[in-house]
file query_39.cif (mmCIF, C-alpha atoms)
data_input
loop_
_atom_site.label_atom_id
_atom_site.label_comp_id
_atom_site.auth_asym_id
_atom_site.auth_seq_id
_atom_site.Cartn_x
_atom_site.Cartn_y
_atom_site.Cartn_z
CA LEU A 944 0.00 0.00 0.00
CA PHE A 945 2.95 2.32 0.54
CA ILE A 946 4.73 1.68 -2.78
CA PRO A 947 1.98 3.02 -5.11
CA HIS A 948 2.18 6.39 -3.36
CA GLY A 949 5.82 6.58 -4.46
CA THR A 950 5.32 5.21 -7.96
CA ALA A 951 2.48 7.68 -8.54
CA LYS A 952 4.83 10.53 -7.68
CA LEU A 953 7.91 9.22 -9.50
CA PHE A 954 6.53 7.36 -12.52
CA GLY A 955 2.93 8.56 -12.86
CA ALA A 956 1.56 5.05 -12.30
CA PRO A 957 -1.09 4.98 -11.03
CA HIS A 958 -1.83 8.40 -12.48
CA VAL A 959 -2.67 11.11 -9.96
CA ALA A 960 -3.17 14.49 -11.63
CA MET A 961 -1.73 16.50 -8.73
CA PHE A 962 1.66 14.81 -9.26
CA ASP A 963 1.94 15.80 -12.94
CA GLY A 964 5.18 17.72 -13.51
CA LEU A 965 6.57 16.79 -10.11
CA GLN A 966 10.21 17.80 -9.66
CA LEU A 967 12.40 14.97 -8.34
CA VAL A 968 14.45 17.47 -6.33
CA SER A 969 11.56 18.67 -4.18
CA LEU A 970 9.85 17.69 -0.98
CA MET A 971 7.28 15.62 -2.88
CA GLY A 972 10.05 14.07 -5.00
CA LEU A 973 11.87 13.03 -1.83
CA ALA A 974 8.60 11.65 -0.48
CA GLY A 975 8.18 9.58 -3.65
CA ILE A 976 11.69 8.16 -3.32
CA LEU A 977 11.14 7.27 0.34
CA GLU A 978 7.78 5.69 -0.40
CA ALA A 979 8.91 3.65 -3.41
CA LEU A 980 12.38 2.57 -2.29
CA GLY A 981 11.51 2.33 1.39
CA GLY A 982 8.35 0.41 0.56
CA VAL A 983 10.25 -2.15 -1.53
CA LEU A 984 12.97 -2.61 1.11
CA PHE A 985 10.34 -2.92 3.83
CA MET A 986 8.29 -5.39 1.78
CA ILE A 987 11.18 -7.80 1.23
CA GLY A 988 12.49 -7.28 4.75
CA LEU A 989 15.91 -5.84 3.89
CA PHE A 990 17.37 -3.37 6.41
CA THR A 991 13.95 -3.43 8.04
CA ARG A 992 14.72 -1.66 11.31
CA PRO A 993 16.57 1.36 9.85
CA VAL A 994 14.10 1.63 6.94
CA ALA A 995 11.17 1.48 9.36
CA PHE A 996 12.82 4.17 11.51
CA VAL A 997 13.21 6.51 8.53
CA LEU A 998 9.68 5.83 7.28
CA CYS A 999 8.23 6.33 10.77
CA GLY A 1000 9.86 9.75 10.96
CA PHE A 1001 8.79 10.52 7.40
CA MET A 1002 5.15 9.77 8.26
CA ALA A 1003 5.35 11.87 11.44
CA VAL A 1004 6.68 14.81 9.40
CA ALA A 1005 4.02 14.22 6.73
CA TYR A 1006 1.31 14.28 9.38
CA PHE A 1007 2.47 17.52 10.97
CA MET A 1008 3.17 19.29 7.67
CA ALA A 1009 0.14 18.19 5.65
CA HIS A 1010 -2.57 17.35 8.16
CA ALA A 1011 -1.99 18.96 11.55
CA SER A 1012 -1.52 22.33 9.86
CA GLN A 1013 -5.20 22.12 8.80
CA GLY A 1014 -6.25 22.42 12.43
CA ASN A 1015 -7.31 19.84 15.01
CA VAL A 1016 -3.72 18.73 15.62
CA LEU A 1017 -4.69 15.95 18.03
CA LEU A 1018 -7.67 14.69 16.02
CA PRO A 1019 -6.46 12.95 12.84
CA MET A 1020 -10.06 11.97 12.10
CA LEU A 1021 -10.90 15.63 11.52
CA ASN A 1022 -7.80 16.58 9.49
CA GLN A 1023 -7.68 13.43 7.27
CA GLY A 1024 -4.38 12.37 8.83
CA GLU A 1025 -5.48 8.93 10.05
CA LEU A 1026 -3.49 7.01 7.44
CA ALA A 1027 -0.29 8.96 8.13
CA VAL A 1028 -0.62 8.32 11.88
CA LEU A 1029 -1.38 4.63 11.28
CA TYR A 1030 1.66 4.21 9.01
CA CYS A 1031 3.82 6.06 11.55
CA PHE A 1032 2.91 3.70 14.38
CA VAL A 1033 3.11 0.56 12.23
CA PHE A 1034 6.62 1.52 11.17
CA LEU A 1035 7.49 2.35 14.78
CA TYR A 1036 6.42 -1.17 15.76
CA PHE A 1037 8.78 -2.67 13.15
CA VAL A 1038 11.67 -0.52 14.39
CA PHE A 1039 11.57 -2.60 17.57
CA SER A 1040 10.23 -5.96 16.34
CA GLY A 1041 12.28 -6.35 13.16
CA ALA A 1042 11.05 -8.11 10.04
CA GLY A 1043 10.63 -11.68 11.20
CA ALA A 1044 11.81 -15.13 10.17
CA TRP A 1045 10.78 -14.94 6.48
CA SER A 1046 12.66 -11.72 5.68
CA VAL A 1047 15.87 -11.14 3.75
CA ASP A 1048 17.34 -9.81 7.01
CA ALA A 1049 16.68 -13.18 8.67
CA ALA A 1050 18.25 -15.05 5.74
CA ARG A 1051 21.35 -12.89 6.02
CA ARG A 1052 21.60 -13.77 9.71
CA GLY A 1053 21.19 -17.48 9.01
CA GLY A 1054 17.46 -17.64 9.73
CA ARG A 1055 14.77 -19.88 8.33
CA LEU A 1056 15.27 -18.99 4.66
CA ALA A 1057 18.99 -19.66 4.78
CA HIS A 1058 18.34 -23.31 5.72
CA ALA A 1059 15.61 -23.93 3.14
#

call {"tool": "encode", "arguments": {"input": "query_39.cif", "output": "structure tokens"}}
result
Amino acid sequence: LFIPHGTAKLFGAPHVAMFDGLQLVSLMGLAGILEALGGVLFMIGLFTRPVAFVLCGFMAVAYFMAHASQGNVLLPMLNQGELAVLYCFVFLYFVFSGAGAWSVDAARRGGRLAHA
């Protein structure tokens, strides 16, 4: 669910009109890179903890810049920031839990996949 946000910004797929003409060297361009690359790394479980840390911070910044500034800072339901807050706390969970036994990180450490 995170990757299409990045591909929409970087590659126009899926097409979202507000991202037409997006400059790569901009705040939205950086967001697209973090979403696409971070989403892929997170999905396969490679460098999960540091990627989750960066993405958690990215979602916190996104919430406060895009949603909290609309008012109702402590009520994401009223400023349409629920998804940003949810992503932030999900990524925060993975900072501490790691990716799990079926990740590339586990295979690199000699986990379940390495013995298959």

call {"tool": "resolve_selection", "arguments": {"input": "query_39.cif", "expression": "the PyMOL selection byres ((chain A and resi 1048) around 8)", "output": "compact mmCIF listing (two decimals) with C-alpha atoms, in the frame of the given file"}}
result
# COMPACT_ATOMS: atom_id res chain seq x y z
CA GLY A 988 12.49 -7.28 4.75
CA LEU A 989 15.91 -5.84 3.89
CA PHE A 990 17.37 -3.37 6.41
CA THR A 991 13.95 -3.43 8.04
CA ALA A 1042 11.05 -8.11 10.04
CA SER A 1046 12.66 -11.72 5.68
CA VAL A 1047 15.87 -11.14 3.75
CA ALA A 1049 16.68 -13.18 8.67
CA ALA A 1050 18.25 -15.05 5.74
CA ARG A 1051 21.35 -12.89 6.02
CA ARG A 1052 21.60 -13.77 9.71

call {"tool": "resolve_selection", "arguments": {"input": "query_39.cif", "expression": "the PyMOL selection byres ((chain A and resi 1009) around 12)", "output": "PyMOL selection string"}}
result
chain A and resi 970-971+1001-1008+1010-1014+1016+1019+1022-1028

call {"tool": "residues_around", "arguments": {"input": "query_39.cif", "residues": "Leu967 (chain A)", "least_positions_apart": "4", "cutoff": "9 Å", "atoms": "all atoms listed in the file", "output": "count of residues only"}}
result
7

call {"tool": "atom_distance", "arguments": {"input": "query_39.cif", "atom1": "CA of Thr950 (chain A)", "atom2": "CA of Met1020 (chain A)"}}
result
26.2 Å

call {"tool": "closest_residue", "arguments": {"input": "query_39.cif", "among": "A:Gly1053, A:Pro947, A:Pro993, A:Gly981", "to": "Val959 (chain A)", "atoms": "all atoms listed in the file"}}
result
A:Pro947

call {"tool": "residues_around", "arguments": {"input": "query_39.cif", "residues": "Ala995 (chain A)", "least_positions_apart": "6", "cutoff": "8 Å", "atoms": "only C-alpha atoms", "output": "PyMOL selection string"}}
result
chain A and resi 985+1034-1035+1037-1038

call {"tool": "closest_residue", "arguments": {"input": "query_39.cif", "among": "A:Phe1032, A:Leu944, A:Leu1021, A:Ala956", "to": "Leu998 (chain A)", "atoms": "all atoms listed in the file"}}
result
A:Phe1032

call {"tool": "closest_residue", "arguments": {"input": "query_39.cif", "among": "A:Phe962, A:Trp1045, A:Phe954, A:Phe945", "to": "Val1033 (chain A)", "atoms": "only C-alpha atoms"}}
result
A:Phe945

call {"tool": "atom_distance", "arguments": {"input": "query_39.cif", "atom1": "CA of Asp963 (chain A)", "atom2": "CA of Val983 (chain A)"}}
result
22.8 Å

call {"tool": "axis_aligned_box", "arguments": {"input": "query_39.cif", "around": "region 966-975 of chain A", "padding_each_side": "6 Å", "output": "lines of an AutoDock Vina configuration file"}}
result
center_x = 10.9
center_y = 14.1
center_z = -5.1
size_x = 19.2
size_y = 21.1
size_z = 21.2

call {"tool": "decode", "arguments": {"input": "query_39.cif", "residues": "region 949-1053 of chain A", "atoms": "C-alpha atoms", "output": "PDB file, in the first residue's frame"}}
result
ATOM      1  CA  GLY A 949       5.816   6.577  -4.458  1.00  0.00           C
ATOM      2  CA  THR A 950       5.316   5.211  -7.962  1.00  0.00           C
ATOM      3  CA  ALA A 951       2.480   7.684  -8.538  1.00  0.00           C
ATOM      4  CA  LYS A 952       4.831  10.526  -7.684  1.00  0.00           C
ATOM      5  CA  LEU A 953       7.914   9.220  -9.501  1.00  0.00           C
ATOM      6  CA  PHE A 954       6.533   7.364 -12.522  1.00  0.00           C
ATOM      7  CA  GLY A 955       2.933   8.559 -12.863  1.00  0.00           C
ATOM      8  CA  ALA A 956       1.556   5.049 -12.296  1.00  0.00           C
ATOM      9  CA  PRO A 957      -1.094   4.979 -11.028  1.00  0.00           C
ATOM     10  CA  HIS A 958      -1.825   8.395 -12.476  1.00  0.00           C
ATOM     11  CA  VAL A 959      -2.668  11.109  -9.957  1.00  0.00           C
ATOM     12  CA  ALA A 960      -3.171  14.486 -11.629  1.00  0.00           C
ATOM     13  CA  MET A 961      -1.734  16.498  -8.730  1.00  0.00           C
ATOM     14  CA  PHE A 962       1.663  14.812  -9.255  1.00  0.00           C
ATOM     15  CA  ASP A 963       1.943  15.798 -12.942  1.00  0.00           C
ATOM     16  CA  GLY A 964       5.180  17.715 -13.513  1.00  0.00           C
ATOM     17  CA  LEU A 965       6.571  16.790 -10.107  1.00  0.00           C
ATOM     18  CA  GLN A 966      10.208  17.798  -9.663  1.00  0.00           C
ATOM     19  CA  LEU A 967      12.397  14.970  -8.345  1.00  0.00           C
ATOM     20  CA  VAL A 968      14.454  17.472  -6.331  1.00  0.00           C
ATOM     21  CA  SER A 969      11.564  18.674  -4.180  1.00  0.00           C
ATOM     22  CA  LEU A 970       9.849  17.691  -0.977  1.00  0.00           C
ATOM     23  CA  MET A 971       7.278  15.623  -2.885  1.00  0.00           C
ATOM     24  CA  GLY A 972      10.052  14.073  -4.997  1.00  0.00           C
ATOM     25  CA  LEU A 973      11.874  13.029  -1.831  1.00  0.00           C
ATOM     26  CA  ALA A 974       8.603  11.655  -0.483  1.00  0.00           C
ATOM     27  CA  GLY A 975       8.183   9.581  -3.646  1.00  0.00           C
ATOM     28  CA  ILE A 976      11.688   8.157  -3.317  1.00  0.00           C
ATOM     29  CA  LEU A 977      11.145   7.272   0.342  1.00  0.00           C
ATOM     30  CA  GLU A 978       7.777   5.693  -0.400  1.00  0.00           C
ATOM     31  CA  ALA A 979       8.910   3.645  -3.409  1.00  0.00           C
ATOM     32  CA  LEU A 980      12.379   2.573  -2.291  1.00  0.00           C
ATOM     33  CA  GLY A 981      11.505   2.332   1.393  1.00  0.00           C
ATOM     34  CA  GLY A 982       8.346   0.414   0.559  1.00  0.00           C
ATOM     35  CA  VAL A 983      10.249  -2.149  -1.529  1.00  0.00           C
ATOM     36  CA  LEU A 984      12.970  -2.607   1.107  1.00  0.00           C
ATOM     37  CA  PHE A 985      10.341  -2.921   3.832  1.00  0.00           C
ATOM     38  CA  MET A 986       8.285  -5.390   1.779  1.00  0.00           C
ATOM     39  CA  ILE A 987      11.183  -7.800   1.232  1.00  0.00           C
ATOM     40  CA  GLY A 988      12.491  -7.280   4.748  1.00  0.00           C
ATOM     41  CA  LEU A 989      15.906  -5.837   3.891  1.00  0.00           C
ATOM     42  CA  PHE A 990      17.369  -3.366   6.414  1.00  0.00           C
ATOM     43  CA  THR A 991      13.948  -3.428   8.038  1.00  0.00           C
ATOM     44  CA  ARG A 992      14.717  -1.658  11.307  1.00  0.00           C
ATOM     45  CA  PRO A 993      16.566   1.362   9.848  1.00  0.00           C
ATOM     46  CA  VAL A 994      14.102   1.632   6.943  1.00  0.00           C
ATOM     47  CA  ALA A 995      11.166   1.480   9.362  1.00  0.00           C
ATOM     48  CA  PHE A 996      12.823   4.173  11.506  1.00  0.00           C
ATOM     49  CA  VAL A 997      13.214   6.514   8.529  1.00  0.00           C
ATOM     50  CA  LEU A 998       9.680   5.831   7.279  1.00  0.00           C
ATOM     51  CA  CYS A 999       8.230   6.325  10.773  1.00  0.00           C
ATOM     52  CA  GLY A1000       9.863   9.751  10.961  1.00  0.00           C
ATOM     53  CA  PHE A1001       8.791  10.521   7.404  1.00  0.00           C
ATOM     54  CA  MET A1002       5.155   9.770   8.264  1.00  0.00           C
ATOM     55  CA  ALA A1003       5.350  11.874  11.438  1.00  0.00           C
ATOM     56  CA  VAL A1004       6.680  14.813   9.401  1.00  0.00           C
ATOM     57  CA  ALA A1005       4.022  14.221   6.731  1.00  0.00           C
ATOM     58  CA  TYR A1006       1.306  14.283   9.383  1.00  0.00           C
ATOM     59  CA  PHE A1007       2.470  17.520  10.974  1.00  0.00           C
ATOM     60  CA  MET A1008       3.170  19.286   7.670  1.00  0.00           C
ATOM     61  CA  ALA A1009       0.138  18.195   5.652  1.00  0.00           C
ATOM     62  CA  HIS A1010      -2.566  17.346   8.163  1.00  0.00           C
ATOM     63  CA  ALA A1011      -1.991  18.958  11.547  1.00  0.00           C
ATOM     64  CA  SER A1012      -1.524  22.327   9.858  1.00  0.00           C
ATOM     65  CA  GLN A1013      -5.195  22.118   8.801  1.00  0.00           C
ATOM     66  CA  GLY A1014      -6.250  22.424  12.430  1.00  0.00           C
ATOM     67  CA  ASN A1015      -7.314  19.839  15.005  1.00  0.00           C
ATOM     68  CA  VAL A1016      -3.716  18.726  15.618  1.00  0.00           C
ATOM     69  CA  LEU A1017      -4.689  15.954  18.032  1.00  0.00           C
ATOM     70  CA  LEU A1018      -7.665  14.688  16.022  1.00  0.00           C
ATOM     71  CA  PRO A1019      -6.461  12.945  12.845  1.00  0.00           C
ATOM     72  CA  MET A1020     -10.056  11.969  12.100  1.00  0.00           C
ATOM     73  CA  LEU A1021     -10.899  15.628  11.525  1.00  0.00           C
ATOM     74  CA  ASN A1022      -7.805  16.580   9.485  1.00  0.00           C
ATOM     75  CA  GLN A1023      -7.677  13.431   7.267  1.00  0.00           C
ATOM     76  CA  GLY A1024      -4.384  12.368   8.831  1.00  0.00           C
ATOM     77  CA  GLU A1025      -5.483   8.929  10.053  1.00  0.00           C
ATOM     78  CA  LEU A1026      -3.491   7.005   7.442  1.00  0.00           C
ATOM     79  CA  ALA A1027      -0.288   8.963   8.129  1.00  0.00           C
ATOM     80  CA  VAL A1028      -0.619   8.316  11.877  1.00  0.00           C
ATOM     81  CA  LEU A1029      -1.378   4.633  11.281  1.00  0.00           C
ATOM     82  CA  TYR A1030       1.660   4.207   9.015  1.00  0.00           C
ATOM     83  CA  CYS A1031       3.816   6.061  11.549  1.00  0.00           C
ATOM     84  CA  PHE A1032       2.910   3.699  14.385  1.00  0.00           C
ATOM     85  CA  VAL A1033       3.105   0.560  12.235  1.00  0.00           C
ATOM     86  CA  PHE A1034       6.618   1.524  11.165  1.00  0.00           C
ATOM     87  CA  LEU A1035       7.490   2.346  14.780  1.00  0.00           C
ATOM     88  CA  TYR A1036       6.422  -1.173  15.757  1.00  0.00           C
ATOM     89  CA  PHE A1037       8.781  -2.674  13.153  1.00  0.00           C
ATOM     90  CA  VAL A1038      11.672  -0.522  14.395  1.00  0.00           C
ATOM     91  CA  PHE A1039      11.567  -2.603  17.571  1.00  0.00           C
ATOM     92  CA  SER A1040      10.234  -5.962  16.341  1.00  0.00           C
ATOM     93  CA  GLY A1041      12.277  -6.352  13.159  1.00  0.00           C
ATOM     94  CA  ALA A1042      11.054  -8.107  10.040  1.00  0.00           C
ATOM     95  CA  GLY A1043      10.634 -11.685  11.197  1.00  0.00           C
ATOM     96  CA  ALA A1044      11.810 -15.130  10.167  1.00  0.00           C
ATOM     97  CA  TRP A1045      10.778 -14.935   6.484  1.00  0.00           C
ATOM     98  CA  SER A1046      12.656 -11.718   5.680  1.00  0.00           C
ATOM     99  CA  VAL A1047      15.867 -11.137   3.752  1.00  0.00           C
ATOM    100  CA  ASP A1048      17.340  -9.811   7.005  1.00  0.00           C
ATOM    101  CA  ALA A1049      16.683 -13.183   8.673  1.00  0.00           C
ATOM    102  CA  ALA A1050      18.247 -15.050   5.744  1.00  0.00           C
ATOM    103  CA  ARG A1051      21.354 -12.891   6.017  1.00  0.00           C
ATOM    104  CA  ARG A1052      21.604 -13.767   9.708  1.00  0.00           C
ATOM    105  CA  GLY A1053      21.191 -17.483   9.013  1.00  0.00           C
TER     106      GLY A1053
END
